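Listing of final_24.cif; format and content: mmCIF, C-alpha atoms; chains and numbers go by the auth columns.
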```cif
data_start
#
loop_
_atom_site.group_PDB
_atom_site.id
_atom_site.type_symbol
_atom_site.label_atom_id
_atom_site.label_comp_id
_atom_site.label_asym_id
_atom_site.label_seq_id
_atom_site.Cartn_x
_atom_site.Cartn_y
_atom_site.Cartn_z
_atom_site.B_iso_or_equiv
_atom_site.auth_seq_id
_atom_site.auth_asym_id
ATOM 1 C CA MET A 1 45.056 -108.429 81.072 0.00 1 A
ATOM 2 C CA PRO A 2 45.336 -108.121 84.877 0.00 2 A
ATOM 3 C CA LYS A 3 46.636 -110.883 87.085 0.00 3 A
ATOM 4 C CA VAL A 4 44.185 -113.217 88.805 0.00 4 A
ATOM 5 C CA LYS A 5 44.548 -113.624 92.557 0.00 5 A
ATOM 6 C CA THR A 6 45.291 -117.093 93.878 0.00 6 A
ATOM 7 C CA HIS A 7 42.986 -118.311 96.644 0.00 7 A
ATOM 8 C CA SER A 8 45.233 -118.466 99.728 0.00 8 A
ATOM 9 C CA ALA A 9 43.395 -121.253 101.546 0.00 9 A
ATOM 10 C CA SER A 10 43.389 -123.432 98.433 0.00 10 A
ATOM 11 C CA LYS A 11 47.103 -123.148 97.779 0.00 11 A
ATOM 12 C CA LYS A 12 47.739 -124.529 101.279 0.00 12 A
ATOM 13 C CA ARG A 13 45.395 -127.504 100.812 0.00 13 A
ATOM 14 C CA PHE A 14 45.686 -128.648 97.201 0.00 14 A
ATOM 15 C CA ARG A 15 48.403 -129.599 94.723 0.00 15 A
ATOM 16 C CA ILE A 16 48.071 -130.311 91.021 0.00 16 A
ATOM 17 C CA SER A 17 49.639 -133.609 89.975 0.00 17 A
ATOM 18 C CA ALA A 18 51.643 -134.104 86.792 0.00 18 A
ATOM 19 C CA ASN A 19 48.569 -135.585 85.091 0.00 19 A
ATOM 20 C CA GLY A 20 46.453 -132.582 86.045 0.00 20 A
ATOM 21 C CA LYS A 21 44.537 -134.188 88.898 0.00 21 A
ATOM 22 C CA VAL A 22 43.874 -132.235 92.092 0.00 22 A
ATOM 23 C CA LYS A 23 45.681 -133.922 94.981 0.00 23 A
ATOM 24 C CA MET A 24 44.623 -133.321 98.576 0.00 24 A
ATOM 25 C CA SER A 25 45.010 -134.920 101.975 0.00 25 A
ATOM 26 C CA HIS A 26 42.365 -136.812 103.910 0.00 26 A
ATOM 27 C CA ALA A 27 40.528 -135.355 106.872 0.00 27 A
ATOM 28 C CA CYS A 28 40.535 -136.878 110.407 0.00 28 A
ATOM 29 C CA ARG A 29 44.325 -137.265 110.744 0.00 29 A
ATOM 30 C CA ARG A 30 45.144 -134.502 113.250 0.00 30 A
ATOM 31 C CA HIS A 31 43.990 -135.491 116.717 0.00 31 A
ATOM 32 C CA ARG A 32 42.173 -138.240 118.677 0.00 32 A
ATOM 33 C CA LEU A 33 44.060 -140.913 116.766 0.00 33 A
ATOM 34 C CA VAL A 34 44.003 -143.342 119.705 0.00 34 A
ATOM 35 C CA SER A 35 40.281 -143.967 119.406 0.00 35 A
ATOM 36 C CA LYS A 36 40.295 -144.477 115.642 0.00 36 A
ATOM 37 C CA PRO A 37 40.827 -147.913 114.078 0.00 37 A
ATOM 38 C CA ARG A 38 44.198 -148.717 112.555 0.00 38 A
ATOM 39 C CA LYS A 39 42.631 -149.388 109.183 0.00 39 A
ATOM 40 C CA ALA A 40 41.168 -145.880 109.050 0.00 40 A
ATOM 41 C CA LYS A 41 44.448 -144.254 110.054 0.00 41 A
ATOM 42 C CA LYS A 42 46.435 -146.209 107.476 0.00 42 A
ATOM 43 C CA GLY A 43 43.912 -145.503 104.748 0.00 43 A
ATOM 44 C CA HIS A 44 44.064 -141.774 105.398 0.00 44 A
ATOM 45 C CA LYS A 45 47.849 -141.657 104.944 0.00 45 A
ATOM 46 C CA MET A 46 47.475 -142.024 101.201 0.00 46 A
ATOM 47 C CA PRO A 47 46.757 -138.903 99.146 0.00 47 A
ATOM 48 C CA ALA A 48 43.228 -138.331 97.929 0.00 48 A
ATOM 49 C CA PHE A 49 42.142 -136.901 94.616 0.00 49 A
ATOM 50 C CA ALA A 50 39.266 -134.486 94.198 0.00 50 A
ATOM 51 C CA SER A 51 36.335 -135.508 92.034 0.00 51 A
ATOM 52 C CA ASP A 52 36.175 -134.079 88.536 0.00 52 A
ATOM 53 C CA SER A 53 33.362 -131.679 89.387 0.00 53 A
ATOM 54 C CA ASN A 54 35.240 -130.283 92.401 0.00 54 A
ATOM 55 C CA ALA A 55 38.583 -130.286 90.589 0.00 55 A
ATOM 56 C CA ALA A 56 37.319 -127.736 88.081 0.00 56 A
ATOM 57 C CA THR A 57 36.454 -125.345 90.916 0.00 57 A
ATOM 58 C CA VAL A 58 39.820 -125.830 92.615 0.00 58 A
ATOM 59 C CA LYS A 59 41.712 -125.208 89.374 0.00 59 A
ATOM 60 C CA LYS A 60 39.906 -121.897 88.983 0.00 60 A
ATOM 61 C CA MET A 61 41.081 -120.880 92.445 0.00 61 A
ATOM 62 C CA LEU A 62 44.676 -121.856 91.596 0.00 62 A
ATOM 63 C CA PRO A 63 45.285 -120.196 88.229 0.00 63 A
ATOM 64 C CA TYR A 64 49.103 -120.261 88.318 0.00 64 A
ATOM 65 C CA ILE A 65 49.699 -123.624 90.011 0.00 65 A
ATOM 66 C CA LYS A 66 50.817 -126.113 87.389 0.00 66 A
#
```

Let me see the structure of the file written as C-alpha coordinates.
Amino acid sequence: MPKVKTHSASKKRFRISANGKVKMSHACRRHRLVSKPRKAKKGHKMPAFASDSNAATVKKMLPYIK
(Lines of atoms letter the chains of each structure in order from A and count residues from 1; the text may use other names and numbers.)
(Lines give C-alpha, C1' and ligand atoms only; values in the text may rest on other atoms or scores of the structure.)
Protein backbone atom coordinates (compact mmCIF):
# COMPACT_ATOMS: atom_id res chain seq x y z
CA MET A 1 0.00 0.00 0.00
CA PRO A 2 1.59 3.33 -1.02
CA LYS A 3 1.85 6.29 1.28
CA VAL A 4 -0.76 9.04 1.11
CA LYS A 5 0.50 12.59 0.69
CA THR A 6 -0.33 15.08 3.41
CA HIS A 7 -1.91 18.33 2.22
CA SER A 8 0.75 20.97 2.92
CA ALA A 9 -1.59 23.92 3.44
CA SER A 10 -3.74 21.93 5.86
CA LYS A 11 -0.88 20.83 8.07
CA LYS A 12 0.00 24.51 8.61
CA ARG A 13 -3.57 25.49 9.54
CA PHE A 14 -5.10 22.61 11.49
CA ARG A 15 -4.25 20.44 14.49
CA ILE A 16 -6.07 17.37 15.76
CA SER A 17 -6.92 17.55 19.45
CA ALA A 18 -6.62 14.62 21.85
CA ASN A 19 -10.36 13.97 21.52
CA GLY A 20 -10.13 13.89 17.74
CA LYS A 21 -11.58 17.33 17.05
CA VAL A 22 -10.05 19.55 14.37
CA LYS A 23 -8.60 22.66 16.01
CA MET A 24 -7.97 25.82 14.00
CA SER A 25 -7.43 29.51 14.58
CA HIS A 26 -9.90 32.30 13.90
CA ALA A 27 -9.63 34.63 10.93
CA CYS A 28 -9.31 38.45 11.19
CA ARG A 29 -6.43 38.52 13.70
CA ARG A 30 -3.52 39.63 11.49
CA HIS A 31 -3.85 43.31 10.65
CA ARG A 32 -6.11 46.37 11.11
CA LEU A 33 -6.65 45.48 14.76
CA VAL A 34 -7.05 49.12 15.80
CA SER A 35 -10.40 49.49 14.08
CA LYS A 36 -11.86 46.25 15.42
CA PRO A 37 -13.76 46.11 18.72
CA ARG A 38 -12.02 44.68 21.77
CA LYS A 39 -14.68 42.03 22.17
CA ALA A 40 -14.01 40.68 18.68
CA LYS A 41 -10.25 40.62 19.20
CA LYS A 42 -10.55 38.82 22.53
CA GLY A 43 -13.03 36.32 21.16
CA HIS A 44 -10.72 35.43 18.28
CA LYS A 45 -7.83 34.57 20.62
CA MET A 46 -9.51 31.34 21.61
CA PRO A 47 -9.07 28.31 19.35
CA ALA A 48 -11.93 27.34 17.08
CA PHE A 49 -13.08 23.87 16.18
CA ALA A 50 -14.19 22.84 12.72
CA SER A 51 -17.73 21.57 12.25
CA ASP A 52 -18.21 17.83 11.96
CA SER A 53 -18.87 17.96 8.23
CA ASN A 54 -15.70 19.97 7.56
CA ALA A 55 -13.65 17.96 10.06
CA ALA A 56 -14.09 14.80 8.01
CA THR A 57 -12.60 16.54 4.97
CA VAL A 58 -9.67 17.93 6.96
CA LYS A 59 -8.88 14.53 8.46
CA LYS A 60 -8.67 13.06 4.97
CA MET A 61 -6.11 15.70 4.05
CA LEU A 62 -4.07 14.93 7.19
CA PRO A 63 -3.78 11.14 7.17
CA TYR A 64 -0.79 10.84 9.52
CA ILE A 65 -1.57 13.65 11.98
CA LYS A 66 -2.84 12.12 15.20

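Note that the spacing between CA of Lys41 (chain A) and CA of Cys28 (chain A) amounts to 8.4 Å.
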
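Considering all atoms listed in the file, the residue among A:Ala18, A:Met1, A:Ala9, A:Ala27 positioned nearest to Met46 (chain A) is A:Ala27.
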
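When CA of Ala55 (chain A) is paired with CA of Asn19 (chain A), their separation reads 12.6 Å.
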
query = Just how far from CA of Ser51 (chain A) is CA of Tyr64 (chain A), in Å to one decimal?
reply = 20.2 Å

task = Evaluate the PyMOL selection byres ((chain A and resi 20-25) around 8) and record the selected residues as a list in words, following the chain and residue labels used in the document.
result = Arg13, Phe14, Arg15, Ile16, Ser17, Ala18, Asn19, His26, Ala27, His44, Lys45, Met46, Pro47, Ala48, Phe49, Ala50, Ala55, Val58, Lys59 and Lys66 of chain A

Residue IDs satisfying the PyMOL selection byres ((chain A and resi 63) around 8), as an NGL selection string = :A and (4-6 or 59-62 or 64-65)
